[in-house]
Amino acid sequence: MPERRIRIMVAKPGLDGHDRGARILARAFRDAGYEVIYTGCHQTPEQIAAAAVQEDVDLVGLSCLSGAHGYLFPRVVELLKEKGAEDITVIGGGIIPDQDFQRLYDAGIKAIFTPGATLDSILDWIKNNLKPRE
Amino acid sequence: MTISTVEAEQLKKIKAGDVRTVSRLIRNLEDELPEARSALKRIFLDTGRAHVVGITGSPGAGKSTLVDALITSFRKKEKTVGVLAVDPTSPFTGGAILGDRIRMQRHAEDPGVFVRSLATRGALGGLAKAVGDAVHVLDVMGKEMILIETVGTGQQEVEIINHSHTVIVVLVPGMGDEIQAIKAGIMEIADIFVINKADRDGANQLANELGSMLNMAPAFPGGWQPPIIKIGNCFDPQSFTQSVEELATAIADHYRCLEETGLLGNRMKRKAMIEIGEALRDAILTPILREMTESGEMDIIAERLLRRESDPYTIAEEAARRYLR
């Protein structure tokens, strides 16, 4: 029977080149049965949003360890909206201070995971919150 | 809106190059939604304009990097480009990591370029099942050059010839001895050979072996001589760009040769026959298999085979009599 396969994009916006975490996540998503598009390091929000639309993903997972999440994450959400793709869920992770959480939630980031978050907790969040779009 | 007006609207958006509509339709085709199939009926009638180029070769040979460089080259000539990049699906979990795009991200924002990654989802042959359909969609979207990058291939994944006008086989030095060059399979399908990473040891030897293999090959239709193009280190931009230009010229030459000799028609016809075969399989076999599986008949038959009470051939003949009157 036809069945929707969930597609996830893992992306690293900005200038930090530490993508070990992003690659581990990509691998965990693969093992959970998702199709994962990984776009590599040093991406602009514009590149990420354009790729997410071309790839028709259900979820974009952003990873940022450089401290620039306050600009980069909301910008991706904004660009997706401009492209009529506000139905793509955006989550984020990295070195993100607690006091920044609310601002990111307000900007449309649906979940935030910081160091110490288990792979299971991330996979559970996806399982419970993400439905492949119509 | 009726279905046909929805489809007409969709077709209009695809022709106008609407990225969301295109990417969603390709997704629906991959997921085999019936309405996507229905949309394709109309779309098909407008296809046949693009030059489809297949790029195949072993994992890590540099296919994605080459595709990226070719995009740049075609864009300089103001041609629009569509890319379908295939990576393997896990046979255990059904998941996949699609990483070809990493090499092409500098083109992400160029509206003249559309890149889509596809997972094989169990298809053998080096491609994904939806590749043929996705080519049609990109064609109608107006992409003049369509590049299909196969999964990393070995010897035998030759399905790319059924979907492309021009096939590029990418080799790297040091992959084996001269016997590899005369084996059947992937070495036979190239319209153009690329020796990639040609700054490495063994590139000249590989070129010589390929050359003598080609000398022995029966004459290619239309008098085409598959060129062997050496491409060096991509971190040496000047010589790299120059050899990529050589490749781009060979691609254009090959298409012209196909056109001038009438072979383009032959290739299109071969493709059409394969598409009919696939559509027939989908229309006839898939529903039969589904019904047999859902009714539990498949389980019963399998048990009977295990006990050697029947054989697959008799069972297939019985099923054919029942379903195909």
# chains A, B, ... in the order shown; residues from 1 in each chain; ligands from 1
>>> interface_residues(of="chain A", to="chain B", cutoff="10 Å", atoms="only C-alpha atoms", output="PDB file with N, CA and C atoms, in the first residue's frame")
ATOM      1  N   MET A   1       0.856  -1.202   0.000  1.00  0.00           N
ATOM      2  CA  MET A   1       0.000   0.000   0.000  1.00  0.00           C
ATOM      3  C   MET A   1       0.890   1.249   0.000  1.00  0.00           C
ATOM      4  N   PRO A   2       0.475   2.317  -0.673  1.00  0.00           N
ATOM      5  CA  PRO A   2       1.291   3.530  -0.630  1.00  0.00           C
ATOM      6  C   PRO A   2       1.450   3.985   0.814  1.00  0.00           C
ATOM      7  N   GLU A   3       2.643   4.438   1.122  1.00  0.00           N
ATOM      8  CA  GLU A   3       2.883   4.844   2.498  1.00  0.00           C
ATOM      9  C   GLU A   3       3.844   6.020   2.478  1.00  0.00           C
ATOM     10  N   ARG A   4       3.538   7.021   3.273  1.00  0.00           N
ATOM     11  CA  ARG A   4       4.401   8.189   3.356  1.00  0.00           C
ATOM     12  C   ARG A   4       5.695   7.834   4.073  1.00  0.00           C
ATOM     13  N   ARG A   5       6.812   8.214   3.483  1.00  0.00           N
ATOM     14  CA  ARG A   5       8.097   8.057   4.142  1.00  0.00           C
ATOM     15  C   ARG A   5       8.493   9.433   4.652  1.00  0.00           C
ATOM     16  N   ILE A   6       8.808   9.515   5.943  1.00  0.00           N
ATOM     17  CA  ILE A   6       9.175  10.817   6.507  1.00  0.00           C
ATOM     18  C   ILE A   6      10.570  11.231   6.051  1.00  0.00           C
ATOM     19  N   ARG A   7      10.687  12.474   5.617  1.00  0.00           N
ATOM     20  CA  ARG A   7      11.979  13.010   5.171  1.00  0.00           C
ATOM     21  C   ARG A   7      12.435  14.119   6.119  1.00  0.00           C
ATOM     22  N   ILE A   8      13.675  14.041   6.538  1.00  0.00           N
ATOM     23  CA  ILE A   8      14.221  14.986   7.510  1.00  0.00           C
ATOM     24  C   ILE A   8      15.490  15.614   6.943  1.00  0.00           C
ATOM     25  N   MET A   9      15.622  16.906   7.102  1.00  0.00           N
ATOM     26  CA  MET A   9      16.879  17.535   6.715  1.00  0.00           C
ATOM     27  C   MET A   9      17.657  17.925   7.961  1.00  0.00           C
ATOM     28  N   ARG A  23      26.078  14.644  12.396  1.00  0.00           N
ATOM     29  CA  ARG A  23      26.207  13.377  11.669  1.00  0.00           C
ATOM     30  C   ARG A  23      25.699  12.185  12.495  1.00  0.00           C
ATOM     31  N   ALA A  26      22.038  12.324  12.157  1.00  0.00           N
ATOM     32  CA  ALA A  26      21.616  11.863  10.831  1.00  0.00           C
ATOM     33  C   ALA A  26      21.596  10.337  10.814  1.00  0.00           C
ATOM     34  N   ARG A  27      22.621   9.751  11.384  1.00  0.00           N
ATOM     35  CA  ARG A  27      22.724   8.299  11.429  1.00  0.00           C
ATOM     36  C   ARG A  27      21.569   7.705  12.264  1.00  0.00           C
ATOM     37  N   ALA A  28      21.278   8.358  13.411  1.00  0.00           N
ATOM     38  CA  ALA A  28      20.200   7.847  14.264  1.00  0.00           C
ATOM     39  C   ALA A  28      18.852   7.935  13.541  1.00  0.00           C
ATOM     40  N   PHE A  29      18.655   9.012  12.796  1.00  0.00           N
ATOM     41  CA  PHE A  29      17.403   9.147  12.037  1.00  0.00           C
ATOM     42  C   PHE A  29      17.326   8.067  10.964  1.00  0.00           C
ATOM     43  N   ARG A  30      18.438   7.823  10.308  1.00  0.00           N
ATOM     44  CA  ARG A  30      18.477   6.745   9.298  1.00  0.00           C
ATOM     45  C   ARG A  30      18.068   5.425   9.939  1.00  0.00           C
ATOM     46  N   ASP A  31      18.667   5.145  11.109  1.00  0.00           N
ATOM     47  CA  ASP A  31      18.386   3.865  11.765  1.00  0.00           C
ATOM     48  C   ASP A  31      16.942   3.779  12.241  1.00  0.00           C
ATOM     49  N   ALA A  32      16.309   4.940  12.419  1.00  0.00           N
ATOM     50  CA  ALA A  32      14.899   4.938  12.821  1.00  0.00           C
ATOM     51  C   ALA A  32      13.982   4.813  11.597  1.00  0.00           C
ATOM     52  N   GLY A  33      14.579   4.717  10.411  1.00  0.00           N
ATOM     53  CA  GLY A  33      13.770   4.483   9.217  1.00  0.00           C
ATOM     54  C   GLY A  33      13.393   5.731   8.441  1.00  0.00           C
ATOM     55  N   TYR A  34      13.995   6.870   8.799  1.00  0.00           N
ATOM     56  CA  TYR A  34      13.682   8.103   8.071  1.00  0.00           C
ATOM     57  C   TYR A  34      14.661   8.315   6.920  1.00  0.00           C
ATOM     58  N   GLU A  35      14.219   9.050   5.926  1.00  0.00           N
ATOM     59  CA  GLU A  35      15.136   9.485   4.876  1.00  0.00           C
ATOM     60  C   GLU A  35      15.744  10.817   5.305  1.00  0.00           C
ATOM     61  N   VAL A  36      17.047  10.867   5.366  1.00  0.00           N
ATOM     62  CA  VAL A  36      17.740  12.025   5.927  1.00  0.00           C
ATOM     63  C   VAL A  36      18.560  12.714   4.850  1.00  0.00           C
ATOM     64  N   ILE A  37      18.318  13.991   4.680  1.00  0.00           N
ATOM     65  CA  ILE A  37      19.149  14.770   3.768  1.00  0.00           C
ATOM     66  C   ILE A  37      20.104  15.570   4.624  1.00  0.00           C
ATOM     67  N   TYR A  38      21.393  15.367   4.408  1.00  0.00           N
ATOM     68  CA  TYR A  38      22.386  16.133   5.153  1.00  0.00           C
ATOM     69  C   TYR A  38      23.068  17.091   4.191  1.00  0.00           C
ATOM     70  N   THR A  39      23.121  18.364   4.587  1.00  0.00           N
ATOM     71  CA  THR A  39      23.618  19.368   3.645  1.00  0.00           C
ATOM     72  C   THR A  39      25.013  19.870   3.976  1.00  0.00           C
ATOM     73  N   GLY A  40      25.634  19.344   5.046  1.00  0.00           N
ATOM     74  CA  GLY A  40      27.000  19.749   5.355  1.00  0.00           C
ATOM     75  C   GLY A  40      27.081  21.039   6.152  1.00  0.00           C
ATOM     76  N   CYS A  41      28.324  21.441   6.420  1.00  0.00           N
ATOM     77  CA  CYS A  41      28.577  22.608   7.281  1.00  0.00           C
ATOM     78  C   CYS A  41      28.462  23.923   6.513  1.00  0.00           C
ATOM     79  N   GLN A  43      26.322  26.478   6.159  1.00  0.00           N
ATOM     80  CA  GLN A  43      25.205  26.824   5.290  1.00  0.00           C
ATOM     81  C   GLN A  43      24.581  28.146   5.724  1.00  0.00           C
ATOM     82  N   THR A  44      24.142  28.914   4.748  1.00  0.00           N
ATOM     83  CA  THR A  44      23.358  30.096   5.086  1.00  0.00           C
ATOM     84  C   THR A  44      21.910  29.664   5.293  1.00  0.00           C
ATOM     85  N   GLU A  46      19.461  30.889   3.938  1.00  0.00           N
ATOM     86  CA  GLU A  46      18.854  30.909   2.595  1.00  0.00           C
ATOM     87  C   GLU A  46      19.063  29.566   1.890  1.00  0.00           C
ATOM     88  N   GLN A  47      20.293  29.038   1.975  1.00  0.00           N
ATOM     89  CA  GLN A  47      20.574  27.735   1.354  1.00  0.00           C
ATOM     90  C   GLN A  47      19.748  26.630   2.007  1.00  0.00           C
ATOM     91  N   ILE A  48      19.641  26.700   3.328  1.00  0.00           N
ATOM     92  CA  ILE A  48      18.914  25.651   4.049  1.00  0.00           C
ATOM     93  C   ILE A  48      17.431  25.670   3.666  1.00  0.00           C
ATOM     94  N   ALA A  49      16.844  26.859   3.651  1.00  0.00           N
ATOM     95  CA  ALA A  49      15.415  26.954   3.333  1.00  0.00           C
ATOM     96  C   ALA A  49      15.152  26.503   1.891  1.00  0.00           C
ATOM     97  N   ALA A  50      16.025  26.921   0.970  1.00  0.00           N
ATOM     98  CA  ALA A  50      15.832  26.539  -0.435  1.00  0.00           C
ATOM     99  C   ALA A  50      15.930  25.021  -0.584  1.00  0.00           C
ATOM    100  N   ALA A  51      16.914  24.431   0.075  1.00  0.00           N
ATOM    101  CA  ALA A  51      17.092  22.982  -0.021  1.00  0.00           C
ATOM    102  C   ALA A  51      15.906  22.248   0.605  1.00  0.00           C
ATOM    103  N   ALA A  52      15.415  22.751   1.733  1.00  0.00           N
ATOM    104  CA  ALA A  52      14.304  22.081   2.418  1.00  0.00           C
ATOM    105  C   ALA A  52      13.073  22.031   1.517  1.00  0.00           C
ATOM    106  N   VAL A  53      12.846  23.097   0.766  1.00  0.00           N
ATOM    107  CA  VAL A  53      11.683  23.137  -0.121  1.00  0.00           C
ATOM    108  C   VAL A  53      11.903  22.213  -1.322  1.00  0.00           C
ATOM    109  N   GLN A  54      13.095  22.259  -1.898  1.00  0.00           N
ATOM    110  CA  GLN A  54      13.373  21.381  -3.048  1.00  0.00           C
ATOM    111  C   GLN A  54      13.267  19.904  -2.659  1.00  0.00           C
ATOM    112  N   GLU A  55      13.659  19.604  -1.423  1.00  0.00           N
ATOM    113  CA  GLU A  55      13.661  18.207  -0.990  1.00  0.00           C
ATOM    114  C   GLU A  55      12.324  17.785  -0.396  1.00  0.00           C
ATOM    115  N   ASP A  56      11.409  18.725  -0.238  1.00  0.00           N
ATOM    116  CA  ASP A  56      10.093  18.456   0.342  1.00  0.00           C
ATOM    117  C   ASP A  56      10.190  17.684   1.655  1.00  0.00           C
ATOM    118  N   VAL A  57      10.979  18.204   2.582  1.00  0.00           N
ATOM    119  CA  VAL A  57      11.134  17.521   3.863  1.00  0.00           C
ATOM    120  C   VAL A  57       9.975  17.856   4.808  1.00  0.00           C
ATOM    121  N   LYS A  83       8.530  31.225   1.563  1.00  0.00           N
ATOM    122  CA  LYS A  83       8.418  30.297   0.437  1.00  0.00           C
ATOM    123  C   LYS A  83       7.117  29.499   0.494  1.00  0.00           C
ATOM    124  N   GLY A  84       6.232  29.874   1.387  1.00  0.00           N
ATOM    125  CA  GLY A  84       4.964  29.162   1.522  1.00  0.00           C
ATOM    126  C   GLY A  84       5.132  27.785   2.120  1.00  0.00           C
ATOM    127  N   ALA A  85       6.208  27.603   2.884  1.00  0.00           N
ATOM    128  CA  ALA A  85       6.501  26.280   3.422  1.00  0.00           C
ATOM    129  C   ALA A  85       6.485  26.300   4.947  1.00  0.00           C
ATOM    130  N   GLU A 134       0.145  15.982   4.560  1.00  0.00           N
ATOM    131  CA  GLU A 134      -0.873  15.410   3.670  1.00  0.00           C
ATOM    132  C   GLU A 134      -0.311  15.131   2.296  1.00  0.00           C
TER     133      GLU A 134
END
>>> atom_distance(atom1="CA of Val170 in chain B", atom2="CA of Asn215 in chain B")
19.1 Å
>>> residues_around(residues="range 122-124 of chain A", least_positions_apart="3", cutoff="10 Å", atoms="only C-alpha atoms", output="JSON list (two decimals) with N, CA and C atoms, in the first residue's frame")
[["chain", "number", "residue", "atom", "x", "y", "z"],
["A", 25, "LEU", "N", 23.31, 12.37, 14.65],
["A", 25, "LEU", "CA", 21.85, 12.47, 14.57],
["A", 25, "LEU", "C", 21.33, 11.95, 13.23],
["A", 28, "ALA", "N", 21.28, 8.36, 13.41],
["A", 28, "ALA", "CA", 20.20, 7.85, 14.26],
["A", 28, "ALA", "C", 18.85, 7.94, 13.54],
["A", 29, "PHE", "N", 18.65, 9.01, 12.80],
["A", 29, "PHE", "CA", 17.40, 9.15, 12.04],
["A", 29, "PHE", "C", 17.33, 8.07, 10.96],
["A", 32, "ALA", "N", 16.31, 4.94, 12.42],
["A", 32, "ALA", "CA", 14.90, 4.94, 12.82],
["A", 32, "ALA", "C", 13.98, 4.81, 11.60],
["A", 91, "ILE", "N", 13.21, 22.25, 14.20],
["A", 91, "ILE", "CA", 13.72, 22.09, 15.56],
["A", 91, "ILE", "C", 15.21, 22.45, 15.56],
["A", 111, "ALA", "N", 11.14, 22.68, 18.97],
["A", 111, "ALA", "CA", 11.79, 21.99, 20.08],
["A", 111, "ALA", "C", 13.26, 22.34, 20.07],
["A", 112, "ILE", "N", 13.87, 22.29, 21.26],
["A", 112, "ILE", "CA", 15.30, 22.61, 21.37],
["A", 112, "ILE", "C", 15.98, 21.52, 22.20],
["A", 113, "PHE", "N", 17.08, 21.02, 21.69],
["A", 113, "PHE", "CA", 17.83, 19.98, 22.41],
["A", 113, "PHE", "C", 19.25, 20.46, 22.64],
["A", 117, "ALA", "N", 21.10, 15.78, 25.81],
["A", 117, "ALA", "CA", 19.85, 15.21, 25.30],
["A", 117, "ALA", "C", 20.16, 13.84, 24.70],
["A", 118, "THR", "N", 19.38, 12.83, 25.05],
["A", 118, "THR", "CA", 19.65, 11.50, 24.49],
["A", 118, "THR", "C", 19.06, 11.39, 23.09],
["A", 119, "LEU", "N", 19.63, 10.50, 22.31],
["A", 119, "LEU", "CA", 19.08, 10.25, 20.97],
["A", 119, "LEU", "C", 17.63, 9.82, 21.09],
["A", 127, "LYS", "N", 8.67, 11.16, 16.93],
["A", 127, "LYS", "CA", 7.59, 10.17, 16.80],
["A", 127, "LYS", "C", 6.27, 10.75, 17.29],
["A", 128, "ASN", "N", 6.33, 11.52, 18.38],
["A", 128, "ASN", "CA", 5.10, 12.02, 18.98],
["A", 128, "ASN", "C", 4.57, 13.29, 18.33],
["A", 129, "ASN", "N", 5.44, 14.02, 17.65],
["A", 129, "ASN", "CA", 5.02, 15.34, 17.16],
["A", 129, "ASN", "C", 4.97, 15.50, 15.66],
["A", 130, "LEU", "N", 5.60, 14.58, 14.95],
["A", 130, "LEU", "CA", 5.71, 14.80, 13.52],
["A", 130, "LEU", "C", 4.86, 13.80, 12.75]]
>>> select_by_dssp(residues="range 39-77 of chain A", states="strand (DSSP E or B)", output="list in words")
Gln43, Leu59, Val60, Gly61, Leu62, Ser63 and Cys64 of chain A
>>> write_last_selection(atoms="C-alpha atoms", output="PDB file, in the first residue's frame")
ATOM      1  CA  GLN A  43      25.205  26.824   5.290  1.00  0.00           C
ATOM      2  CA  LEU A  59      11.324  18.393   9.391  1.00  0.00           C
ATOM      3  CA  VAL A  60      14.434  20.540   9.471  1.00  0.00           C
ATOM      4  CA  GLY A  61      16.829  19.888  12.350  1.00  0.00           C
ATOM      5  CA  LEU A  62      19.278  22.761  12.830  1.00  0.00           C
ATOM      6  CA  SER A  63      22.530  22.384  14.717  1.00  0.00           C
ATOM      7  CA  CYS A  64      24.543  25.352  15.890  1.00  0.00           C
TER       8      CYS A  64
END
>>> select_by_dssp(residues="range 34-129 of chain A", states="alpha helix (DSSP H)", output="number ranges by chain")
A: 45-55, 69-82, 101-106, 119-129
>>> write_last_selection(atoms="N, CA and C atoms", output="compact mmCIF listing (two decimals), in the first residue's frame")
# COMPACT_ATOMS: atom_id res chain seq x y z
N PRO A 45 21.15 30.43 6.08
CA PRO A 45 19.72 30.11 6.23
C PRO A 45 19.03 30.05 4.87
N GLU A 46 19.46 30.89 3.94
CA GLU A 46 18.85 30.91 2.60
C GLU A 46 19.06 29.57 1.89
N GLN A 47 20.29 29.04 1.97
CA GLN A 47 20.57 27.74 1.35
C GLN A 47 19.75 26.63 2.01
N ILE A 48 19.64 26.70 3.33
CA ILE A 48 18.91 25.65 4.05
C ILE A 48 17.43 25.67 3.67
N ALA A 49 16.84 26.86 3.65
CA ALA A 49 15.41 26.95 3.33
C ALA A 49 15.15 26.50 1.89
N ALA A 50 16.02 26.92 0.97
CA ALA A 50 15.83 26.54 -0.44
C ALA A 50 15.93 25.02 -0.58
N ALA A 51 16.91 24.43 0.07
CA ALA A 51 17.09 22.98 -0.02
C ALA A 51 15.91 22.25 0.61
N ALA A 52 15.41 22.75 1.73
CA ALA A 52 14.30 22.08 2.42
C ALA A 52 13.07 22.03 1.52
N VAL A 53 12.85 23.10 0.77
CA VAL A 53 11.68 23.14 -0.12
C VAL A 53 11.90 22.21 -1.32
N GLN A 54 13.10 22.26 -1.90
CA GLN A 54 13.37 21.38 -3.05
C GLN A 54 13.27 19.90 -2.66
N GLU A 55 13.66 19.60 -1.42
CA GLU A 55 13.66 18.21 -0.99
C GLU A 55 12.32 17.79 -0.40
N HIS A 69 22.71 31.05 17.13
CA HIS A 69 21.36 30.48 16.95
C HIS A 69 20.27 31.55 17.00
N GLY A 70 20.51 32.60 17.78
CA GLY A 70 19.49 33.64 17.97
C GLY A 70 19.09 34.31 16.67
N TYR A 71 20.03 34.41 15.74
CA TYR A 71 19.70 34.93 14.42
C TYR A 71 19.34 33.81 13.45
N LEU A 72 20.21 32.77 13.41
CA LEU A 72 20.13 31.76 12.34
C LEU A 72 18.84 30.96 12.38
N PHE A 73 18.44 30.49 13.58
CA PHE A 73 17.27 29.61 13.65
C PHE A 73 16.00 30.34 13.21
N PRO A 74 15.71 31.52 13.82
CA PRO A 74 14.48 32.22 13.41
C PRO A 74 14.48 32.59 11.93
N ARG A 75 15.67 32.89 11.40
CA ARG A 75 15.76 33.27 9.99
C ARG A 75 15.32 32.13 9.07
N VAL A 76 15.68 30.89 9.43
CA VAL A 76 15.27 29.74 8.62
C VAL A 76 13.74 29.63 8.62
N VAL A 77 13.14 29.79 9.82
CA VAL A 77 11.68 29.72 9.91
C VAL A 77 11.03 30.80 9.04
N GLU A 78 11.59 32.00 9.13
CA GLU A 78 11.08 33.13 8.37
C GLU A 78 11.14 32.87 6.85
N LEU A 79 12.28 32.36 6.40
CA LEU A 79 12.45 32.10 4.96
C LEU A 79 11.51 31.00 4.48
N LEU A 80 11.32 29.99 5.31
CA LEU A 80 10.38 28.92 4.93
C LEU A 80 8.99 29.51 4.75
N LYS A 81 8.63 30.40 5.67
CA LYS A 81 7.31 31.04 5.58
C LYS A 81 7.20 31.83 4.28
N GLU A 82 8.26 32.56 3.94
CA GLU A 82 8.25 33.33 2.69
C GLU A 82 8.05 32.44 1.47
N PHE A 101 15.69 30.05 25.16
CA PHE A 101 14.68 29.11 24.69
C PHE A 101 13.39 29.79 24.26
N GLN A 102 12.88 30.65 25.15
CA GLN A 102 11.55 31.21 24.90
C GLN A 102 11.53 32.02 23.61
N ARG A 103 12.61 32.76 23.40
CA ARG A 103 12.68 33.59 22.20
C ARG A 103 12.65 32.71 20.94
N LEU A 104 13.34 31.57 21.01
CA LEU A 104 13.36 30.67 19.86
C LEU A 104 11.99 30.02 19.66
N TYR A 105 11.37 29.63 20.80
CA TYR A 105 10.01 29.06 20.67
C TYR A 105 9.08 30.09 20.03
N ASP A 106 9.19 31.34 20.51
CA ASP A 106 8.33 32.39 19.98
C ASP A 106 8.55 32.59 18.48
N LEU A 119 19.63 10.50 22.31
CA LEU A 119 19.08 10.25 20.97
C LEU A 119 17.63 9.82 21.09
N ASP A 120 17.35 8.98 22.12
CA ASP A 120 15.98 8.49 22.29
C ASP A 120 15.01 9.63 22.54
N SER A 121 15.45 10.63 23.32
CA SER A 121 14.53 11.73 23.62
C SER A 121 14.20 12.51 22.35
N ILE A 122 15.19 12.62 21.46
CA ILE A 122 14.96 13.35 20.20
C ILE A 122 14.04 12.53 19.28
N LEU A 123 14.35 11.22 19.19
CA LEU A 123 13.52 10.35 18.34
C LEU A 123 12.09 10.29 18.87
N ASP A 124 11.94 10.25 20.20
CA ASP A 124 10.60 10.23 20.78
C ASP A 124 9.83 11.49 20.43
N TRP A 125 10.53 12.61 20.50
CA TRP A 125 9.85 13.87 20.17
C TRP A 125 9.33 13.82 18.74
N ILE A 126 10.17 13.31 17.85
CA ILE A 126 9.75 13.26 16.45
C ILE A 126 8.56 12.31 16.29
N LYS A 127 8.67 11.16 16.93
CA LYS A 127 7.59 10.17 16.80
C LYS A 127 6.27 10.75 17.29
N ASN A 128 6.33 11.52 18.38
CA ASN A 128 5.10 12.02 18.98
C ASN A 128 4.57 13.29 18.33
N ASN A 129 5.44 14.02 17.65
CA ASN A 129 5.02 15.34 17.16
C ASN A 129 4.97 15.50 15.66
>>> atom_distance(atom1="CA of Ile189 in chain B", atom2="CA of Glu260 in chain B")
20.4 Å
>>> closest_residue(among="B:Tyr255, B:Pro226, B:Asn204, B:Gly174", to="Met145 in chain B", atoms="only C-alpha atoms")
B:Tyr255
>>> closest_residue(among="B:Leu147, B:Met268, B:Lys77, B:Ala248", to="Val194 in chain B", atoms="only C-alpha atoms")
B:Ala248
